[in-house]
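Remarks on the structure that follows.
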Amino acid sequence: MDIRIDLGRLRSDVLELGEIGRNEDGGINRPSFSPADLEAREWFKDRILSAGLEYRVDGAGNIFGRLAGSGKTVMAGSHLDSVVNGGIFDGPAGVLAALECLRCLKDEGAKPKKPLEVAAFTDEEGNLSGDFLGARAFTGTLDREMLEKGLTQFGLPLTEILKNTEFTLDSILAAHKDRPEIAAFLELHIEQGPVLETEDKVIGIVDLIAGKNYWRCSFKGKASHAGTTPLELRQDAFLGLADFMLKSTQFVATHHYGSMVTVGKASVYPGAFSIVPERVDFSLDFRSTSPETLDEMATTFQTLAQDIAATRGLGFDFRIMDKTAPVEISANLKTLMAEICSSFGYSRMTLPSGAGHDAQILASVTDAALIFIPCEDGISHSPQENIRWEDLEKGTNLLLHTLIQLAS
């Protein structure tokens, strides 16, 4: 079937959705179940219905548009939610590309053998309760205790945010019961890094998606006067964190180059200019495409932090907030996409993804694949996030013809 997507229509959708939740700095504030997200959901529902697709939403707020067929469902999509002050392409490009594929098939009067669905998963960005709330609900891999006891990044329990919606903890945890049998899941996404642009490639076919551990940690020392307490007698919690980050970074760079460790947030207490810090709370994010490396990093970081604490007269504790396993992408899907790229003359390369994606979670219940297109200067999670429209067109055409072959 020799058809192509309508880039003008897709571009119009991306730009129109990109006005929902826009802030005064030009970024997007659209965390799941916020007023902006609820508006985006209604907008997307209208797009699904106007395309002549069947609309449904599950108990976790995951949205689906369906082109009927028989047998297992072939699904494509991503997410509509954003980080705070994010860009317009991270997530929505994949959802709207999938919608455009189904819309093209509908316009052509095509009748694929298997049903096709576009999916928009709730809270991929982890603003509410760890990453991938919707995808984990869809696959039945959520932890009730995490939902009940955890706080959202807004300082509220999830139950408080759900009061403004039709959803509950019970409906979220039961969402997987409505899941159709899935033959395959495909996700188009911006790379969120500079590799494709640097290598001058249009398409990235992802082979591995890194797993992630997210911890909340604390070093605890003793507050004392900054002007009178000798350096050698201080129990400075912040120095504990500084020492830990230098040594943990050196360990990863030396023993596991390509893996990552990051402290993205730190709060110092009491936070006064003249007081030696008695406590520092911080986030610890570490990632690898190897499960063995992730385990080794977890053991090493815990031992390293405890050794630093003992040396500096500090206490250390941590809590595991989220864990995601690395995923290897289906070899059959990688081969199929490479063949389609060759037939279309699209330049491509194979690369891993250091960022997590809904496809990573869907891989627990079906074959999953991830298509990358370049983003300008590798920038993402920012108002400066940008793409070349012709790259989106090619990525979406690859998605379309992969879906056609999988559904035939």
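Going by the structure tokens order, chains are called A, B, ..., each with residues numbered from 1, while ligands are numbered from 1 in the order shown.
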>> Need the shell around A:Lys113: protein/DNA/RNA residues with any atom at most 7 Å away, counting only C-alpha atoms. Skip same-chain ones fewer than 6 positions apart. Format as a list in words?
In response: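 Result of the neighbour search: Gly69, Ser70, Ala407 and Ser408 of chain A.
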> From the set A:Cys101, A:Leu169, A:Ile340, A:Val14, which residue has the shortest atom-to-atom contact distance to A:Leu80, counting only C-alpha atoms?
Replying inline: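 With only C-alpha atoms as the atom set, the closest residue is A:Val14.
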> Distance atom CA of A:Ile308-atom CA of A:Gln153, one decimal place?
Replying inline: 28.8 Å
Which residues of stretch 175-265 of chain A come within 10 Å of stretch 284-301 of chain A, and what is each one's closest atom pair and distance in Å (one decimal), counting only C-alpha atoms, sorted by chain and residue number, as a tab-separated table?
residue	atom	partner	partner_atom	distance
A:Asp207	CA	A:Thr289	CA	10.0
A:Leu208	CA	A:Thr289	CA	6.4
A:Ile209	CA	A:Thr289	CA	6.1
A:Ala210	CA	A:Thr289	CA	4.0
A:Gly211	CA	A:Arg287	CA	5.5
A:Lys212	CA	A:Arg287	CA	4.4
A:Asn213	CA	A:Phe286	CA	5.5
A:Tyr214	CA	A:Asp285	CA	4.7
A:Trp215	CA	A:Leu284	CA	5.0
A:Arg216	CA	A:Leu284	CA	6.3
A:Cys217	CA	A:Leu284	CA	7.1
A:Phe244	CA	A:Phe301	CA	8.3
A:Met245	CA	A:Leu284	CA	9.5
A:Lys247	CA	A:Phe301	CA	9.2
A:Ser248	CA	A:Phe301	CA	6.7
A:Phe251	CA	A:Thr300	CA	8.8
A:Val252	CA	A:Met297	CA	7.9
A:His255	CA	A:Thr293	CA	9.5
A:His256	CA	A:Thr293	CA	7.4
A:Tyr257	CA	A:Ser288	CA	9.6
A:Gly258	CA	A:Ser288	CA	7.5
A:Ser259	CA	A:Ser288	CA	4.7
A:Met260	CA	A:Arg287	CA	5.1
A:Val261	CA	A:Phe286	CA	4.2
A:Thr262	CA	A:Asp285	CA	5.1
A:Val263	CA	A:Leu284	CA	4.9
A:Gly264	CA	A:Leu284	CA	7.2
A:Lys265	CA	A:Leu284	CA	8.2
> Leaving out A:Glu19 and any residue of its chain fewer than 4 positions from it, which residues lie within 10 Å of it when counting only C-alpha atoms, given as a PyMOL selection string?
Replying inline: chain A and resi 14-15+23+26-28+36+40+88
Can you write just those residues out, C-alpha atoms, as a PDB file, in the first residue's frame?
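result_34.pdb, freshly written:
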ATOM      1  CA  VAL A  14       1.058  19.528  16.941  1.00  0.00           C
ATOM      2  CA  LEU A  15       1.036  23.332  16.960  1.00  0.00           C
ATOM      3  CA  ASN A  23       3.118  29.530  30.061  1.00  0.00           C
ATOM      4  CA  GLY A  26       6.821  29.846  26.134  1.00  0.00           C
ATOM      5  CA  GLY A  27       7.042  26.440  27.809  1.00  0.00           C
ATOM      6  CA  ILE A  28       4.301  23.885  28.403  1.00  0.00           C
ATOM      7  CA  ALA A  36      -4.425  22.122  30.996  1.00  0.00           C
ATOM      8  CA  ALA A  40      -5.848  18.602  26.096  1.00  0.00           C
ATOM      9  CA  ILE A  88       5.590  20.724  22.573  1.00  0.00           C
TER      10      ILE A  88
END
>> Just list as an MDAnalysis selection string whatever in stretch 177-392 of chain A DSSP marks as strand (DSSP E).
In response: chainID A and resid 182:190 203:209 211:220 224:225 260:262 266:269 275:276 279:288 315:324 327:328 348:353 367:373
Can I get the residues of stretch 175-271 of chain A within 12 Å of stretch 361-370 of chain A, each with the closest pair of atoms and their distance in Å to one decimal, using only C-alpha atoms, sorted chain first then ascending number, as CSV?
residue,atom,partner,partner_atom,distance
A:His176,CA,A:Val365,CA,10.8
A:Arg179,CA,A:Val365,CA,10.3
A:Pro180,CA,A:Val365,CA,10.8
A:Glu181,CA,A:Thr366,CA,8.7
A:Ile182,CA,A:Thr366,CA,6.1
A:Ala183,CA,A:Thr366,CA,6.2
A:Ala184,CA,A:Asp367,CA,4.9
A:Phe185,CA,A:Ala368,CA,4.7
A:Leu186,CA,A:Ala369,CA,4.9
A:Glu187,CA,A:Leu370,CA,4.9
A:Leu188,CA,A:Leu370,CA,5.9
A:His189,CA,A:Leu370,CA,7.3
A:Ile190,CA,A:Leu370,CA,10.1
A:Glu191,CA,A:Leu370,CA,10.0
A:Ile203,CA,A:Leu370,CA,10.5
A:Gly204,CA,A:Leu370,CA,8.4
A:Ile205,CA,A:Leu370,CA,6.5
A:Val206,CA,A:Leu370,CA,5.5
A:Asp207,CA,A:Leu370,CA,8.1
A:Leu208,CA,A:Leu370,CA,9.2
A:Ile209,CA,A:Leu370,CA,8.9
A:Ala210,CA,A:Ile361,CA,11.7
A:Gly211,CA,A:Ile361,CA,10.6
Serialized selection, C-alpha atoms, as a PDB file, in the first residue's frame:
ATOM      1  CA  HIS A 176      -5.388  -3.509  32.977  1.00  0.00           C
ATOM      2  CA  ARG A 179      -6.670  -4.195  28.040  1.00  0.00           C
ATOM      3  CA  PRO A 180      -7.121  -5.864  24.653  1.00  0.00           C
ATOM      4  CA  GLU A 181      -4.624  -8.464  23.522  1.00  0.00           C
ATOM      5  CA  ILE A 182      -1.741  -6.531  21.989  1.00  0.00           C
ATOM      6  CA  ALA A 183       0.181  -7.830  18.966  1.00  0.00           C
ATOM      7  CA  ALA A 184       2.754  -5.008  19.040  1.00  0.00           C
ATOM      8  CA  PHE A 185       3.298  -1.488  20.365  1.00  0.00           C
ATOM      9  CA  LEU A 186       5.192   1.228  18.477  1.00  0.00           C
ATOM     10  CA  GLU A 187       6.236   4.623  19.777  1.00  0.00           C
ATOM     11  CA  LEU A 188       7.649   7.567  17.825  1.00  0.00           C
ATOM     12  CA  HIS A 189       9.545  10.071  19.957  1.00  0.00           C
ATOM     13  CA  ILE A 190      12.083  12.841  19.662  1.00  0.00           C
ATOM     14  CA  GLU A 191      15.540  11.560  20.560  1.00  0.00           C
ATOM     15  CA  ILE A 203      15.720   7.920  11.856  1.00  0.00           C
ATOM     16  CA  GLY A 204      16.956   6.283  15.017  1.00  0.00           C
ATOM     17  CA  ILE A 205      15.909   2.661  15.535  1.00  0.00           C
ATOM     18  CA  VAL A 206      16.269   2.055  19.259  1.00  0.00           C
ATOM     19  CA  ASP A 207      17.780  -1.283  20.303  1.00  0.00           C
ATOM     20  CA  LEU A 208      17.925  -0.850  24.105  1.00  0.00           C
ATOM     21  CA  ILE A 209      16.080   1.331  26.623  1.00  0.00           C
ATOM     22  CA  ALA A 210      17.949   2.025  29.843  1.00  0.00           C
ATOM     23  CA  GLY A 211      16.546   1.026  33.192  1.00  0.00           C
TER      24      GLY A 211
END
>> From the options A:Leu38, A:Leu241, A:Ala51, A:Ile320, which residue's atoms come nearest to A:Arg9, counting only C-alpha atoms?
In response: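 Closest candidate: A:Ala51.
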>> Ranking A:Val118, A:Ile275, A:Ala305, A:Ile161 by minimum distance to A:Val74 and counting only C-alpha atoms, which one comes first?
In response: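 With only C-alpha atoms as the atom set, the closest residue is A:Val118.
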Any idea what's packed within 7 Å of A:Ser129, counting only C-alpha atoms, ignoring anything in its chain fewer than 4 positions away? Could you give it as a CSV table (one decimal) with C-alpha atoms, in the first residue's frame?
chain,number,residue,atom,x,y,z
A,133,LEU,CA,1.5,5.7,35.8
A,147,LEU,CA,-0.1,5.1,45.1
A,150,GLY,CA,3.5,8.5,47.9
A,152,THR,CA,3.1,13.8,44.0
>> Quick check for you: according to DSSP on this backbone, which residues of stretch 101-336 of chain A are classed as alpha helix (DSSP H)? Reply as JSON, numbers by chain.
In response: {"A": [101, 102, 103, 104, 105, 106, 107, 133, 134, 135, 136, 137, 138, 139, 144, 145, 146, 147, 148, 149, 158, 159, 160, 161, 162, 169, 170, 171, 172, 173, 195, 196, 197, 198, 199, 237, 238, 239, 240, 241, 242, 243, 244, 245, 246, 247, 248, 249, 250, 251, 252, 253, 254, 255, 291, 292, 293, 294, 295, 296, 297, 298, 299, 300, 301, 302, 303, 304, 305, 306, 307, 308, 309, 310, 311, 312, 331, 332, 333, 334, 335, 336]}
Can you write just those residues out, C-alpha atoms, as a short mmCIF file (atom, residue, chain, number, x, y, z; two decimals), in the first residue's frame?
data_model
loop_
_atom_site.label_atom_id
_atom_site.label_comp_id
_atom_site.auth_asym_id
_atom_site.auth_seq_id
_atom_site.Cartn_x
_atom_site.Cartn_y
_atom_site.Cartn_z
CA CYS A 101 -1.42 7.13 10.58
CA LEU A 102 -4.87 5.82 11.50
CA ARG A 103 -6.50 8.88 9.93
CA CYS A 104 -4.64 8.24 6.65
CA LEU A 105 -5.79 4.63 6.58
CA LYS A 106 -9.35 5.70 7.33
CA ASP A 107 -9.26 8.33 4.57
CA LEU A 133 1.49 5.72 35.76
CA GLY A 134 -0.80 5.07 32.79
CA ALA A 135 1.40 2.50 31.05
CA ARG A 136 1.94 0.62 34.32
CA ALA A 137 -1.80 0.68 34.99
CA PHE A 138 -2.38 -0.64 31.47
CA THR A 139 0.06 -3.52 31.99
CA ARG A 144 -0.94 0.03 45.47
CA GLU A 145 1.21 1.07 48.41
CA MET A 146 3.16 3.49 46.22
CA LEU A 147 -0.08 5.10 45.06
CA GLU A 148 -1.54 5.29 48.56
CA LYS A 149 1.50 6.52 50.50
CA LEU A 158 -2.58 11.36 44.43
CA THR A 159 -6.07 10.93 45.90
CA GLU A 160 -6.39 14.72 46.26
CA ILE A 161 -5.56 15.31 42.59
CA LEU A 162 -7.96 12.56 41.51
CA LEU A 169 -7.05 4.57 42.93
CA ASP A 170 -9.23 1.51 42.44
CA SER A 171 -10.07 2.41 38.84
CA ILE A 172 -6.38 3.00 38.07
CA LEU A 173 -5.34 -0.32 39.59
CA VAL A 195 23.30 11.79 18.38
CA LEU A 196 21.03 11.69 15.32
CA GLU A 197 21.66 15.34 14.52
CA THR A 198 25.41 14.92 14.99
CA GLU A 199 25.48 11.82 12.76
CA ALA A 237 25.94 17.13 55.60
CA PHE A 238 26.48 19.05 52.38
CA LEU A 239 30.14 18.02 52.24
CA GLY A 240 28.90 14.45 52.49
CA LEU A 241 26.79 14.96 49.36
CA ALA A 242 29.63 16.71 47.51
CA ASP A 243 32.03 13.87 48.35
CA PHE A 244 29.45 11.27 47.34
CA MET A 245 28.72 12.84 43.96
CA LEU A 246 32.37 13.19 43.02
CA LYS A 247 33.13 9.59 43.93
CA SER A 248 29.96 8.09 42.42
CA THR A 249 30.53 9.97 39.15
CA GLN A 250 34.14 8.79 39.07
CA PHE A 251 33.00 5.20 39.65
CA VAL A 252 30.49 5.27 36.78
CA ALA A 253 32.89 7.01 34.39
CA THR A 254 35.67 4.55 35.19
CA HIS A 255 33.80 1.25 35.45
CA PRO A 291 20.46 -4.96 34.57
CA GLU A 292 23.68 -6.31 36.09
CA THR A 293 25.24 -2.84 35.99
CA LEU A 294 22.17 -1.32 37.63
CA ASP A 295 22.43 -3.83 40.46
CA GLU A 296 26.15 -3.15 40.89
CA MET A 297 25.59 0.60 40.91
CA ALA A 298 22.89 0.26 43.57
CA THR A 299 25.17 -1.80 45.83
CA THR A 300 28.18 0.45 45.25
CA PHE A 301 26.30 3.70 45.86
CA GLN A 302 24.82 2.45 49.11
CA THR A 303 28.22 1.27 50.37
CA LEU A 304 29.92 4.46 49.20
CA ALA A 305 27.38 6.70 50.95
CA GLN A 306 27.64 4.73 54.19
CA ASP A 307 31.47 4.88 54.11
CA ILE A 308 31.40 8.64 53.54
CA ALA A 309 28.90 9.07 56.35
CA ALA A 310 31.06 7.06 58.75
CA THR A 311 34.19 9.04 57.81
CA ARG A 312 32.50 12.42 58.20
CA ALA A 331 14.63 -7.95 16.82
CA ASN A 332 11.79 -8.60 14.37
CA LEU A 333 10.46 -5.07 14.69
CA LYS A 334 13.94 -3.56 14.33
CA THR A 335 14.50 -5.56 11.15
CA LEU A 336 11.12 -4.60 9.72
#
